[in-house]
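Colleague: mmCIF, C-alpha atoms and all ligand atoms, saved as input27.cif, coming up:
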data_my_file
loop_
_atom_site.label_atom_id
_atom_site.label_comp_id
_atom_site.auth_asym_id
_atom_site.auth_seq_id
_atom_site.Cartn_x
_atom_site.Cartn_y
_atom_site.Cartn_z
CA MET K 295 -10.25 21.44 -24.83
CA SER K 296 -9.30 25.12 -25.05
CA ASP K 297 -8.03 27.11 -22.08
CA THR K 298 -10.74 29.74 -22.03
CA LYS K 299 -11.14 29.67 -18.24
CA THR K 300 -7.48 30.22 -17.44
CA LYS K 301 -5.25 32.71 -19.21
CA LYS K 302 -2.07 30.74 -18.50
CA LYS K 303 -1.51 27.93 -20.95
CA ARG K 304 -1.33 24.62 -19.09
CA LYS K 305 0.38 21.50 -20.24
CA GLU K 306 -2.26 19.21 -21.69
CA LYS K 307 -2.88 16.32 -19.28
CA PRO K 308 -3.66 12.82 -20.55
CA PRO K 309 -7.19 11.49 -20.03
CA ILE K 310 -7.68 9.61 -16.75
CA GLU K 311 -7.89 5.87 -17.25
CA GLU K 312 -9.55 3.35 -14.99
CA PRO K 313 -6.85 1.58 -12.90
CA LEU K 314 -5.61 -1.94 -13.66
CA LEU K 315 -7.06 -2.82 -10.25
CA ALA K 316 -10.69 -2.11 -11.21
CA PRO K 317 -13.24 -0.73 -8.73
CA GLY K 318 -15.95 -2.86 -7.18
CA HIS K 319 -13.41 -4.76 -5.07
CA ARG K 320 -14.23 -5.29 -1.40
CA ALA K 321 -11.30 -3.51 0.29
CA CYS K 322 -12.46 -1.54 3.34
CA SER K 323 -13.15 2.14 2.80
CA GLY K 324 -9.81 3.98 3.00
CA CYS K 325 -7.71 0.78 2.73
CA GLY K 326 -4.03 1.66 2.28
CA GLU K 327 -3.25 -1.75 0.79
CA SER K 328 -5.75 -1.25 -2.06
CA LEU K 329 -4.26 2.19 -2.75
CA GLY K 330 -0.74 0.70 -2.73
CA ALA K 331 -1.72 -2.10 -5.12
CA LYS K 332 -3.46 0.35 -7.46
CA LEU K 333 -0.34 2.55 -7.59
CA VAL K 334 2.07 -0.37 -8.08
CA MET K 335 0.05 -1.97 -10.88
CA ASP K 336 -0.59 1.27 -12.77
CA ALA K 337 3.13 2.10 -12.51
CA ALA K 338 3.96 -1.32 -13.98
CA GLY K 339 1.37 -1.16 -16.78
CA PRO K 340 -0.73 -3.85 -18.48
CA ASN K 341 2.24 -5.91 -19.74
CA THR K 342 2.52 -7.49 -16.32
CA TYR K 343 1.98 -10.95 -14.86
CA ALA K 344 1.16 -10.85 -11.16
CA THR K 345 1.00 -13.43 -8.41
CA CYS K 346 -0.51 -12.87 -4.99
CA CYS K 347 -0.28 -14.50 -1.55
CA THR K 348 -3.42 -15.20 0.43
CA GLY K 349 -4.48 -12.15 2.41
CA CYS K 350 -6.69 -9.08 2.20
CA LEU K 351 -5.37 -8.10 -1.25
CA GLU K 352 -6.24 -11.50 -2.67
CA VAL K 353 -9.57 -11.84 -0.88
CA PHE K 354 -10.93 -8.35 -1.58
CA SER K 355 -9.85 -8.35 -5.24
CA THR K 356 -11.16 -11.77 -6.26
CA PRO K 357 -14.47 -12.70 -4.62
CA TYR K 358 -15.85 -15.65 -6.61
CA PRO K 359 -16.76 -15.40 -9.47
CA GLU K 360 -15.26 -11.94 -9.99
CA SER K 361 -11.81 -10.43 -10.37
CA ALA K 362 -10.76 -6.79 -10.07
CA TRP K 363 -7.52 -7.38 -11.99
CA LYS K 364 -7.25 -6.41 -15.64
CA MET K 365 -3.93 -8.18 -16.31
CA PRO K 366 -2.96 -11.85 -15.82
CA TRP K 367 -3.05 -12.48 -12.07
CA ILE K 368 -2.94 -15.71 -10.09
CA HIS K 369 -3.36 -16.75 -6.49
CA SER K 370 -2.18 -20.15 -5.27
CA LEU K 371 -1.31 -20.39 -1.57
CA PHE K 372 -0.60 -18.13 1.40
CA GLU K 373 3.18 -18.52 1.23
CA ASN K 374 4.13 -19.20 -2.39
CA SER K 375 3.52 -16.14 -4.59
CA SER K 376 7.29 -15.80 -5.12
CA ALA K 377 7.61 -19.49 -6.11
CA VAL K 378 4.65 -19.25 -8.50
CA ALA K 379 6.18 -16.12 -10.05
CA ALA K 380 9.45 -18.04 -10.55
CA GLY K 381 7.47 -20.72 -12.40
CA ILE K 382 5.82 -18.09 -14.60
CA GLU K 383 9.24 -16.68 -15.46
CA ALA K 384 10.53 -20.15 -16.37
CA ALA K 385 7.48 -20.80 -18.57
CA LEU K 386 7.81 -17.45 -20.37
CA ILE K 387 11.52 -18.09 -21.01
CA ALA K 388 10.76 -21.58 -22.36
CA GLN K 389 8.17 -20.08 -24.72
CA GLY K 390 10.45 -17.19 -25.73
CA ARG K 391 7.90 -14.71 -24.42
CA ASP K 392 9.92 -13.21 -21.58
CA LYS K 393 10.94 -9.97 -23.31
CA ASP K 394 9.24 -6.69 -22.42
CA VAL K 395 7.01 -8.18 -19.76
CA ASN K 396 7.03 -7.56 -16.02
CA ILE K 397 6.54 -10.22 -13.39
CA ILE K 398 5.40 -8.96 -10.01
CA ALA K 399 4.90 -11.18 -6.96
CA MET K 400 2.85 -9.68 -4.14
CA GLY K 401 2.06 -10.51 -0.56
CA GLY K 402 1.11 -9.03 2.80
CA ASP K 403 3.57 -8.73 5.68
CA GLY K 404 2.46 -12.10 7.09
CA GLY K 405 2.69 -13.83 3.71
CA THR K 406 6.12 -12.29 3.11
CA ALA K 407 7.99 -11.89 6.39
CA ASP K 408 6.69 -15.01 8.13
CA ILE K 409 5.17 -17.90 6.21
CA GLY K 410 6.53 -16.97 2.76
CA ILE K 411 10.07 -16.01 3.75
CA GLY K 412 11.49 -19.34 2.54
CA CYS K 413 9.93 -19.06 -0.92
CA LEU K 414 10.98 -15.39 -1.08
CA SER K 415 14.58 -16.22 -0.14
CA GLY K 416 14.68 -18.90 -2.85
CA MET K 417 13.36 -16.48 -5.43
CA LEU K 418 16.00 -13.89 -4.50
CA GLU K 419 18.78 -16.49 -4.35
CA ARG K 420 18.04 -18.03 -7.77
CA GLY K 421 18.23 -14.68 -9.53
CA HIS K 422 14.80 -14.57 -11.18
CA ASN K 423 13.86 -11.40 -13.02
CA ILE K 424 10.95 -10.64 -10.69
CA LEU K 425 9.84 -7.71 -8.54
CA TYR K 426 8.48 -8.81 -5.17
CA VAL K 427 6.22 -6.27 -3.44
CA CYS K 428 5.33 -6.71 0.22
CA PHE K 429 2.33 -4.65 1.32
CA ASP K 430 3.14 -4.03 4.96
CA ASN K 431 0.04 -3.29 7.04
CA GLU K 432 1.87 -4.65 10.07
CA ALA K 433 -0.41 -7.59 10.98
CA TYR K 434 -2.44 -10.49 9.58
CA MET K 435 -5.42 -8.30 8.75
CA ASN K 436 -7.51 -10.67 6.69
CA THR K 437 -7.92 -13.16 9.53
CA GLY K 438 -8.56 -10.56 12.25
CA VAL K 439 -5.41 -8.58 13.06
CA GLN K 440 -2.97 -11.14 14.45
CA ARG K 441 0.64 -9.99 14.99
CA SER K 442 3.31 -10.73 12.39
CA GLY K 443 7.08 -10.34 12.22
CA LEU K 444 6.47 -6.82 10.90
CA THR K 445 4.10 -5.67 13.67
CA PRO K 446 5.69 -2.69 15.45
CA PHE K 447 6.69 -2.58 19.11
CA ASP K 448 3.83 -2.14 21.62
CA ALA K 449 1.06 -2.33 18.99
CA ARG K 450 -2.24 -3.88 20.01
CA THR K 451 -3.22 -6.84 17.88
CA SER K 452 -5.64 -9.64 18.71
CA THR K 453 -2.65 -11.85 19.66
CA SER K 454 -0.71 -9.08 21.44
CA PRO K 455 -3.38 -7.48 23.59
CA PRO K 456 -2.17 -4.86 26.09
CA GLY K 457 -3.34 -5.29 29.66
CA LYS K 458 -2.04 -5.50 33.22
CA ARG K 459 0.97 -7.59 32.20
CA SER K 460 1.68 -6.34 28.71
CA TRP K 461 2.05 -3.15 26.67
CA GLY K 462 1.19 -4.96 23.44
CA ASN K 463 3.53 -6.49 20.87
CA LYS K 464 6.84 -7.35 22.55
CA THR K 465 9.04 -7.41 19.45
CA THR K 466 10.22 -4.77 16.99
CA LYS K 467 9.79 -4.97 13.21
CA LYS K 468 11.90 -7.68 11.58
CA ASN K 469 14.47 -6.06 9.25
CA LEU K 470 13.10 -7.69 6.11
CA PRO K 471 14.52 -5.18 3.58
CA GLY K 472 17.92 -5.84 5.22
CA ILE K 473 17.39 -9.62 4.90
CA ALA K 474 16.44 -9.20 1.23
CA GLY K 475 19.47 -6.96 0.67
CA ALA K 476 21.74 -9.54 2.30
CA HIS K 477 21.00 -11.82 -0.67
CA GLY K 478 23.13 -9.38 -2.69
CA ILE K 479 20.26 -8.57 -5.06
CA PRO K 480 20.49 -5.52 -7.34
CA TYR K 481 17.62 -3.52 -5.83
CA VAL K 482 15.73 -3.18 -2.54
CA ALA K 483 13.48 -0.25 -1.69
CA THR K 484 11.09 0.80 1.02
CA ALA K 485 8.17 3.04 0.07
CA THR K 486 4.82 4.17 1.42
CA VAL K 487 1.40 5.25 0.20
CA GLY K 488 2.16 8.46 2.15
CA TYR K 489 4.44 9.46 -0.74
CA PRO K 490 2.70 8.01 -3.82
CA ASN K 491 4.97 9.57 -6.45
CA ASP K 492 8.08 8.16 -4.77
CA LEU K 493 6.38 4.74 -4.74
CA ILE K 494 5.52 4.97 -8.46
CA ASN K 495 9.07 6.06 -9.37
CA LYS K 496 10.59 3.18 -7.40
CA VAL K 497 8.36 0.60 -9.10
CA LYS K 498 9.32 1.95 -12.53
CA LYS K 499 12.99 2.00 -11.59
CA ALA K 500 12.87 -1.53 -10.17
CA LEU K 501 11.22 -2.92 -13.30
CA LYS K 502 14.06 -1.59 -15.48
CA ILE K 503 16.61 -3.57 -13.45
CA GLN K 504 17.38 -7.17 -14.48
CA GLY K 505 17.23 -9.72 -11.65
CA PRO K 506 15.37 -10.06 -8.36
CA LYS K 507 14.03 -6.90 -6.72
CA TYR K 508 12.34 -6.46 -3.33
CA MET K 509 10.06 -3.57 -2.32
CA GLN K 510 8.32 -3.10 1.02
CA VAL K 511 5.40 -0.67 0.93
CA HIS K 512 3.99 0.71 4.19
CA VAL K 513 0.17 0.68 3.94
CA PRO K 514 -2.08 1.86 6.80
CA CYS K 515 -5.11 -0.32 7.57
CA PRO K 516 -7.97 1.73 9.07
CA LEU K 517 -9.56 -1.45 10.45
CA GLY K 518 -6.51 -2.94 12.17
CA TRP K 519 -4.76 0.29 13.14
CA ILE K 520 -8.06 1.83 14.22
CA HIS K 521 -7.94 5.25 12.58
CA PRO K 522 -10.46 7.32 10.58
CA THR K 523 -10.66 6.24 6.93
CA ASP K 524 -9.64 9.67 5.60
CA GLN K 525 -6.35 9.65 7.58
CA THR K 526 -4.64 6.85 5.62
CA ILE K 527 -2.17 9.12 3.78
CA GLU K 528 -1.58 11.44 6.72
CA ILE K 529 -0.73 8.57 9.06
CA ALA K 530 1.55 6.99 6.45
CA LYS K 531 3.42 10.32 6.18
CA LEU K 532 3.72 10.62 9.97
CA ALA K 533 5.26 7.14 10.14
CA VAL K 534 8.07 8.48 7.95
CA LEU K 535 8.39 11.93 9.56
CA THR K 536 8.74 10.45 13.06
CA GLY K 537 11.60 8.20 11.91
CA LEU K 538 9.65 5.01 12.67
CA ILE K 539 9.47 3.96 8.99
CA PRO K 540 12.72 4.78 7.17
CA ILE K 541 12.39 5.21 3.39
CA TYR K 542 15.49 4.14 1.49
CA GLU K 543 16.97 2.21 -1.44
CA MET K 544 19.67 -0.48 -1.42
CA GLU K 545 21.80 -1.79 -4.28
CA TYR K 546 23.66 -5.08 -3.83
CA GLY K 547 23.11 -4.89 -0.08
CA GLU K 548 24.35 -1.30 0.40
CA VAL K 549 22.09 1.63 1.23
CA THR K 550 22.39 4.04 -1.69
CA ARG K 551 19.65 6.64 -1.14
CA VAL K 552 17.43 7.79 1.74
CA ARG K 553 14.45 10.13 2.14
CA LYS K 554 15.71 12.73 4.65
CA ILE K 555 13.39 14.01 7.36
CA GLY K 556 15.51 16.96 8.44
CA LYS K 557 13.60 19.86 9.98
CA ASN K 558 10.25 18.19 9.28
CA ARG K 559 10.86 15.64 12.03
CA ARG K 560 7.86 15.02 14.28
CA PRO K 561 7.62 13.48 17.78
CA VAL K 562 6.58 9.80 17.76
CA GLU K 563 3.41 10.70 19.71
CA ASP K 564 2.06 12.50 16.61
CA TYR K 565 2.05 9.14 14.80
CA LEU K 566 0.96 6.95 17.72
CA LYS K 567 -1.89 9.02 19.22
CA PRO K 568 -4.32 9.00 16.27
CA GLN K 569 -4.22 5.17 16.13
CA GLY K 570 -6.40 3.00 18.35
CA ARG K 571 -3.77 0.23 18.31
CA PHE K 572 -1.52 2.49 20.46
CA ARG K 573 -4.30 4.05 22.56
CA HIS K 574 -3.27 2.13 25.70
CA LEU K 575 -0.03 4.13 25.77
CA PHE K 576 -2.01 7.34 26.29
CA ALA K 577 -4.82 6.09 28.54
CA LYS K 578 -5.50 7.96 31.80
CA GLY K 579 -2.95 6.94 34.44
CA ALA K 580 -1.20 4.62 31.98
CA GLU K 581 2.30 5.59 33.14
CA ALA K 582 3.67 4.60 29.77
CA GLU K 583 6.55 7.10 29.71
CA GLU K 584 9.10 4.27 29.80
CA GLU K 585 7.42 2.59 26.81
CA LEU K 586 7.24 5.86 24.86
CA GLU K 587 10.93 6.36 25.53
CA LYS K 588 11.65 2.94 23.98
CA ILE K 589 9.65 3.94 20.87
CA ARG K 590 11.51 7.28 20.70
CA GLN K 591 14.73 5.25 20.81
CA ILE K 592 13.59 3.09 17.85
CA ALA K 593 13.03 6.29 15.83
CA GLU K 594 16.37 7.71 16.99
CA ASP K 595 18.20 4.51 15.98
CA ASN K 596 16.61 4.60 12.50
CA ILE K 597 17.53 8.25 12.03
CA LYS K 598 21.13 7.53 13.01
CA LYS K 599 21.44 4.26 11.06
CA PHE K 600 20.09 5.68 7.79
CA GLY K 601 21.27 9.27 8.20
CA LEU K 602 17.76 10.71 8.01
CA ALA K 603 18.46 13.92 9.95
CA MET G 50 -10.41 -37.96 -24.03
CA ALA G 51 -11.76 -34.76 -22.50
CA ARG G 52 -9.18 -32.08 -21.83
CA PRO G 53 -8.40 -31.72 -18.15
CA ARG G 54 -10.04 -28.62 -16.69
CA PRO G 55 -7.96 -26.15 -14.69
CA ALA G 56 -8.18 -26.85 -10.99
CA GLY G 57 -8.81 -23.20 -10.18
CA TYR G 58 -11.25 -20.62 -11.45
CA VAL G 59 -10.68 -18.17 -14.28
CA ALA G 60 -12.55 -14.87 -13.91
CA GLU G 61 -13.25 -12.10 -16.42
CA PRO G 62 -10.73 -9.23 -16.10
CA GLY G 63 -12.22 -6.32 -14.13
CA SER G 64 -15.48 -8.19 -13.48
CA SER G 65 -15.54 -6.79 -9.92
CA LYS G 66 -17.31 -3.81 -11.47
CA ALA G 67 -20.53 -5.80 -11.18
CA ASN G 68 -20.35 -5.00 -7.47
CA LYS G 69 -21.38 -1.41 -6.81
CA THR G 70 -19.54 -0.44 -3.62
CA GLY G 71 -21.21 2.99 -3.65
CA SER G 72 -23.93 1.47 -1.46
CA TRP G 73 -21.44 1.37 1.46
CA ARG G 74 -21.16 5.15 1.61
CA THR G 75 -22.33 7.16 4.62
CA GLU G 76 -20.57 10.36 3.51
CA LYS G 77 -19.89 11.66 0.03
CA PRO G 78 -17.24 13.96 -1.42
CA VAL G 79 -18.56 17.18 -2.93
CA PHE G 80 -16.24 18.58 -5.61
CA LEU G 81 -16.65 22.34 -5.33
CA HIS G 82 -14.93 23.21 -8.66
CA ASP G 83 -13.80 26.50 -7.20
CA THR G 84 -10.13 26.63 -6.22
CA CYS G 85 -8.96 23.48 -8.06
CA THR G 86 -5.47 23.88 -9.53
CA ASP G 87 -5.73 20.76 -11.73
CA CYS G 88 -3.06 18.96 -9.65
CA ARG G 89 -4.93 15.60 -9.79
CA ILE G 90 -3.77 14.57 -6.32
CA CYS G 91 -7.32 13.35 -5.61
CA VAL G 92 -7.12 11.07 -8.66
CA LEU G 93 -3.78 9.71 -7.46
CA VAL G 94 -4.82 8.97 -3.86
CA CYS G 95 -8.36 7.60 -4.31
CA PRO G 96 -7.86 3.93 -3.31
CA ASP G 97 -10.64 2.83 -5.64
CA GLY G 98 -9.43 4.86 -8.62
CA ILE G 99 -12.85 6.29 -9.39
CA ILE G 100 -12.23 10.03 -9.73
CA PHE G 101 -12.52 11.15 -13.35
CA GLY G 102 -12.67 14.41 -15.29
CA ALA G 103 -10.38 16.98 -16.92
CA ASP G 104 -9.32 20.63 -16.75
CA SER G 105 -10.09 21.26 -13.07
CA ILE G 106 -13.54 19.64 -13.29
CA TYR G 107 -13.29 16.34 -11.42
CA ASP G 108 -15.94 14.17 -9.81
CA ALA G 109 -16.27 10.72 -8.24
CA ASP G 110 -18.06 7.78 -9.83
CA PHE G 111 -20.74 7.35 -7.18
CA ASP G 112 -21.50 3.80 -8.29
CA PHE G 113 -18.24 2.89 -6.53
CA CYS G 114 -17.17 5.73 -4.17
CA LYS G 115 -16.94 4.29 -0.65
CA GLY G 116 -16.89 7.74 0.97
CA CYS G 117 -13.54 7.24 2.68
CA GLY G 118 -12.74 10.98 2.53
CA ILE G 119 -9.10 10.59 1.51
CA CYS G 120 -9.61 12.83 -1.55
CA ALA G 121 -11.04 15.62 0.64
CA ALA G 122 -8.32 15.21 3.28
CA GLU G 123 -5.53 15.37 0.69
CA CYS G 124 -6.82 18.13 -1.62
CA PRO G 125 -4.19 20.85 -1.06
CA VAL G 126 -6.63 23.71 -1.76
CA ASP G 127 -9.67 22.34 0.12
CA ASP G 128 -11.80 22.14 -3.01
CA ILE G 129 -13.44 18.85 -1.90
CA GLU G 130 -15.81 18.69 1.07
CA MET G 131 -17.39 15.66 2.72
CA ALA G 132 -21.15 15.80 3.24
CA PRO G 133 -23.55 13.24 4.75
CA GLU G 134 -24.96 10.83 2.17
CA VAL G 135 -28.72 11.10 1.92
CA ARG G 136 -30.64 8.42 0.05
C1 LIG F 701 -1.18 -22.04 5.12
C2 LIG F 701 -2.21 -21.07 5.54
N1 LIG F 701 -2.25 -20.67 6.84
C3 LIG F 701 -3.16 -19.77 7.24
C4 LIG F 701 -4.05 -19.22 6.35
C5 LIG F 701 -5.08 -18.24 6.82
N2 LIG F 701 -4.81 -16.87 6.40
C6 LIG F 701 -5.35 -16.37 5.27
S1 LIG F 701 -4.97 -14.75 5.01
C7 LIG F 701 -4.09 -14.71 6.44
C8 LIG F 701 -3.46 -13.41 6.91
C9 LIG F 701 -2.72 -12.66 5.87
O1 LIG F 701 -1.94 -11.64 6.47
P1 LIG F 701 -0.96 -10.80 5.61
O2 LIG F 701 -0.08 -11.65 4.80
O3 LIG F 701 -0.27 -9.81 6.51
O4 LIG F 701 -1.91 -10.03 4.59
P2 LIG F 701 -3.06 -8.94 4.95
O5 LIG F 701 -4.34 -9.69 5.03
O6 LIG F 701 -2.70 -8.27 6.22
O7 LIG F 701 -3.03 -8.02 3.79
C10 LIG F 701 -4.09 -15.95 7.10
C11 LIG F 701 -3.45 -16.23 8.39
C12 LIG F 701 -3.98 -19.67 5.01
N3 LIG F 701 -4.80 -19.17 4.07
N4 LIG F 701 -3.06 -20.58 4.63
S1 LIG F 702 -8.69 -5.09 6.84
FE1 LIG F 702 -7.17 -3.49 6.41
S2 LIG F 702 -5.88 -4.31 4.75
FE2 LIG F 702 -7.76 -5.56 4.83
S3 LIG F 702 -9.12 -4.61 3.32
FE3 LIG F 702 -9.58 -3.68 5.32
S4 LIG F 702 -8.31 -1.83 5.44
FE4 LIG F 702 -7.50 -3.12 3.77
S1 LIG F 703 -14.30 9.53 -0.86
FE1 LIG F 703 -12.71 7.91 -1.10
S2 LIG F 703 -13.59 6.46 -2.60
FE2 LIG F 703 -14.80 8.37 -2.75
S3 LIG F 703 -13.81 9.54 -4.40
FE3 LIG F 703 -12.89 10.25 -2.46
S4 LIG F 703 -11.05 8.98 -2.21
FE4 LIG F 703 -12.34 7.94 -3.77
MG MG F 704 -0.76 -7.79 6.78
#
Would you encode the structure as structure tokens?

Modeller:
Amino acid sequence: MSDTKTKKKRKEKPPIEEPLLAPGHRACSGCGESLGAKLVMDAAGPNTYATCCTGCLEVFSTPYPESAWKMPWIHSLFENSSAVAAGIEAALIAQGRDKDVNIIAMGGDGGTADIGIGCLSGMLERGHNILYVCFDNEAYMNTGVQRSGLTPFDARTSTSPPGKRSWGNKTTKKNLPGIAGAHGIPYVATATVGYPNDLINKVKKALKIQGPKYMQVHVPCPLGWIHPTDQTIEIAKLAVLTGLIPIYEMEYGEVTRVRKIGKNRRPVEDYLKPQGRFRHLFAKGAEAEEELEKIRQIAEDNIKKFGLA
Amino acid sequence: MARPRPAGYVAEPGSSKANKTGSWRTEKPVFLHDTCTDCRICVLVCPDGIIFGADSIYDADFDFCKGCGICAAECPVDDIEMAPEVR
């Protein structure tokens, strides 16, 4: 098309293609996990085999008899997407078809950090040429928002309800990227749908590296976190800017790059207040100052540990 | 002997498109086509990947748009507005 409207000559942009995760899937309106999966798969391209743990991503993308995926994709059990991916790699090698293809194993935070951690560790230990992507929405969303090892401190879930004797989830997020890195694998990265281009670049970078790779992608869930559907990106950004979700890369267990926050740092309240799962911390007469101070300390520790300032 | 059948189910790629999620919508994005700078951020952030177009003229595929409002919230020049869906 000619540039009659604008005088300045623009670089011609390629036509927009339908994503490899086709529409029609049943993810909630504004679902961060569906956005994350769309970005990951389009970054990887159609020459990709994917496996998926049980969870929202699996359930919303493959309601019988349909599938939203436009590349080979398989679901087996809740915990074993990394083991199934290892089997796919072995089969492709045996058939001499393992060149120029990507293998991506996916799972939610529950499927990855809790029930699937054994299979994941085996996959990382055995050195398979696979990218594992954990979509971290910080609870077991598909079964009704139960807490997981990646649920943040003081969050309300259906199994960590705040009340007279509790402020919500008692534990802090398990350091799963650190655990993955401790396997001495060539690449670990955290990313977020709040910064989609960074996420895309990290997927492309990971897929060029031979061996096991682990990525953890922070994905807001409007249903479980209780926030308006249009705030998914904004809330994901605030998680980073408050220091609560550090964005970094690791090579062979060492942190090699971080996304600095610097002067853009925001108080943790800016992230917590818009989410219903933290509402009890701001309720009238809640006297939650001590709890908020603990959350500020978590952010402070991240900023110090990763040099985010 | 009959070949063993796979124990699972094999679906057609992209067959989810039979399900028109546009019926969920209570609000709809209105693309004003006024201040658009052709940045395509809306295309990037739409979770359902259903914003199409070219040269600063973009629009949602309303067969599928769930009306989440992310495109309108993220448009850096406020060229997308949410309006109530009327059927
Ligand atoms: C062995 C086994 N235990 C429990 C379940 C029930 N189950 C299905 S999905 C799910 C939660 C998944 O949570 P997560 O991995 O965080 O993914 P999300 O739905 O949050 O994306 C559970 C508990 C199951 N399918 N299999
Ligand atoms: S419950 Fe959360 S993760 Fe699951 S589809 Fe809905 S928004 Fe996405
Ligand atoms: S409202 Fe949501 S689903 Fe509809 S076009 Fe915008 S981002 Fe996509
Ligand atoms: Mg989850």

Colleague: Up to 7 Å from chain K, what residues of chain G turn up? Count only C-alpha atoms and give them as a VMD selection string.

Modeller: chain G and resid 60 to 70 94 to 98 101 113 115 to 119 122

Colleague: Padding 8 Å on each side, edges along x, y and z: where is the centre of the box around the listed atoms of ligand LIG 701 (chain F), and how long are its edges in Å to one decimal? Output it as lines of an AutoDock Vina configuration file.

Modeller:
center_x = -2.7
center_y = -15.0
center_z = 6.1
size_x = 21.3
size_y = 30.0
size_z = 20.6

Colleague: Quick check, in Å to one decimal: how far apart do atom S4 of ligand LIG 702 (chain F) and CA of Gly518 in chain K lie?

Modeller: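 About the pair atom S4 of ligand LIG 702 (chain F) and CA of Gly518 in chain K: they are 7.1 Å apart.
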
Colleague: By how many Å are CA of Glu594 in chain K and CA of Gly556 in chain K apart?

Modeller: 12.6 Å

Colleague: Calculate how many Å separate CA of Val534 in chain K from CA of Thr486 in chain K, rounding to one decimal.

Modeller: 8.5 Å

Colleague: Pick out the residues no farther than 9 Å from ligand LIG 701 (chain F), counting only C-alpha atoms and all ligand atoms, and list them as a VMD selection string.

Modeller: chain K and resid 327 347 to 353 371 to 373 401 to 410 428 to 442 444 515 518

Colleague: Could you name the residues that touch range 472-478 of chain K at 10 Å or less, counting all atoms listed in the file, but leaving out those on the same chain fewer than 4 positions away, as an NGL selection string?

Modeller: :K and (407 or 411 or 414-416 or 418-421 or 468 or 482-483 or 506-509 or 543-549)

Colleague: Taking all atoms listed in the file into account, which of K:Leu566, K:Val513, K:Ala530, K:Leu602 comes nearest ligand LIG 702 (chain F)?

Modeller: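 Among the listed residues, K:Val513 lies closest to ligand LIG 702 (chain F).
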
Colleague: For each of G:Pro133, G:Gly102, G:Gly71, G:Gly57, take the minimum atom-to-atom distance to ligand LIG 703 (chain F), counting all atoms listed in the file, then give the residue where this is smallest.

Modeller: G:Gly71

Colleague: Quick one: residues within 9 Å of Asp87 in chain G, all atoms listed in the file counted, chain neighbours fewer than 4 positions away excluded, as a PDB file with C-alpha atoms, in the coordinates of the input?

Modeller:
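Below is the file that was written, part-v3.pdb:
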ATOM      1  CA  ALA G 103     -10.380  16.980 -16.920  1.00  0.00           C
ATOM      2  CA  ASP G 104      -9.320  20.630 -16.750  1.00  0.00           C
ATOM      3  CA  SER G 105     -10.090  21.260 -13.070  1.00  0.00           C
ATOM      4  CA  ILE G 106     -13.540  19.640 -13.290  1.00  0.00           C
ATOM      5  CA  TYR G 107     -13.290  16.340 -11.420  1.00  0.00           C
TER       6      TYR G 107
END

Colleague: Residues within 12 Å of Ser460 in chain K, please, as a PyMOL selection string. Count all atoms listed in the file; anything in the same chain fewer than 2 positions from it doesn't count.

Modeller: chain K and resi 447-451+453-458+462-465+574-575+580+582+585

Colleague: Looking at K:Ile529, K:Gly390, K:Ile397, K:Cys413, which one is nearest to Glu123 in chain G, with distances taken over all atoms listed in the file?

Modeller: K:Ile529

Colleague: Between G:Cys114, G:Arg52, G:Ser72, G:Arg89, which residue has the minimum interatomic distance to ligand LIG 703 (chain F), considering only C-alpha atoms and all ligand atoms?

Modeller: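 The answer is G:Cys114, which sits nearest to ligand LIG 703 (chain F).
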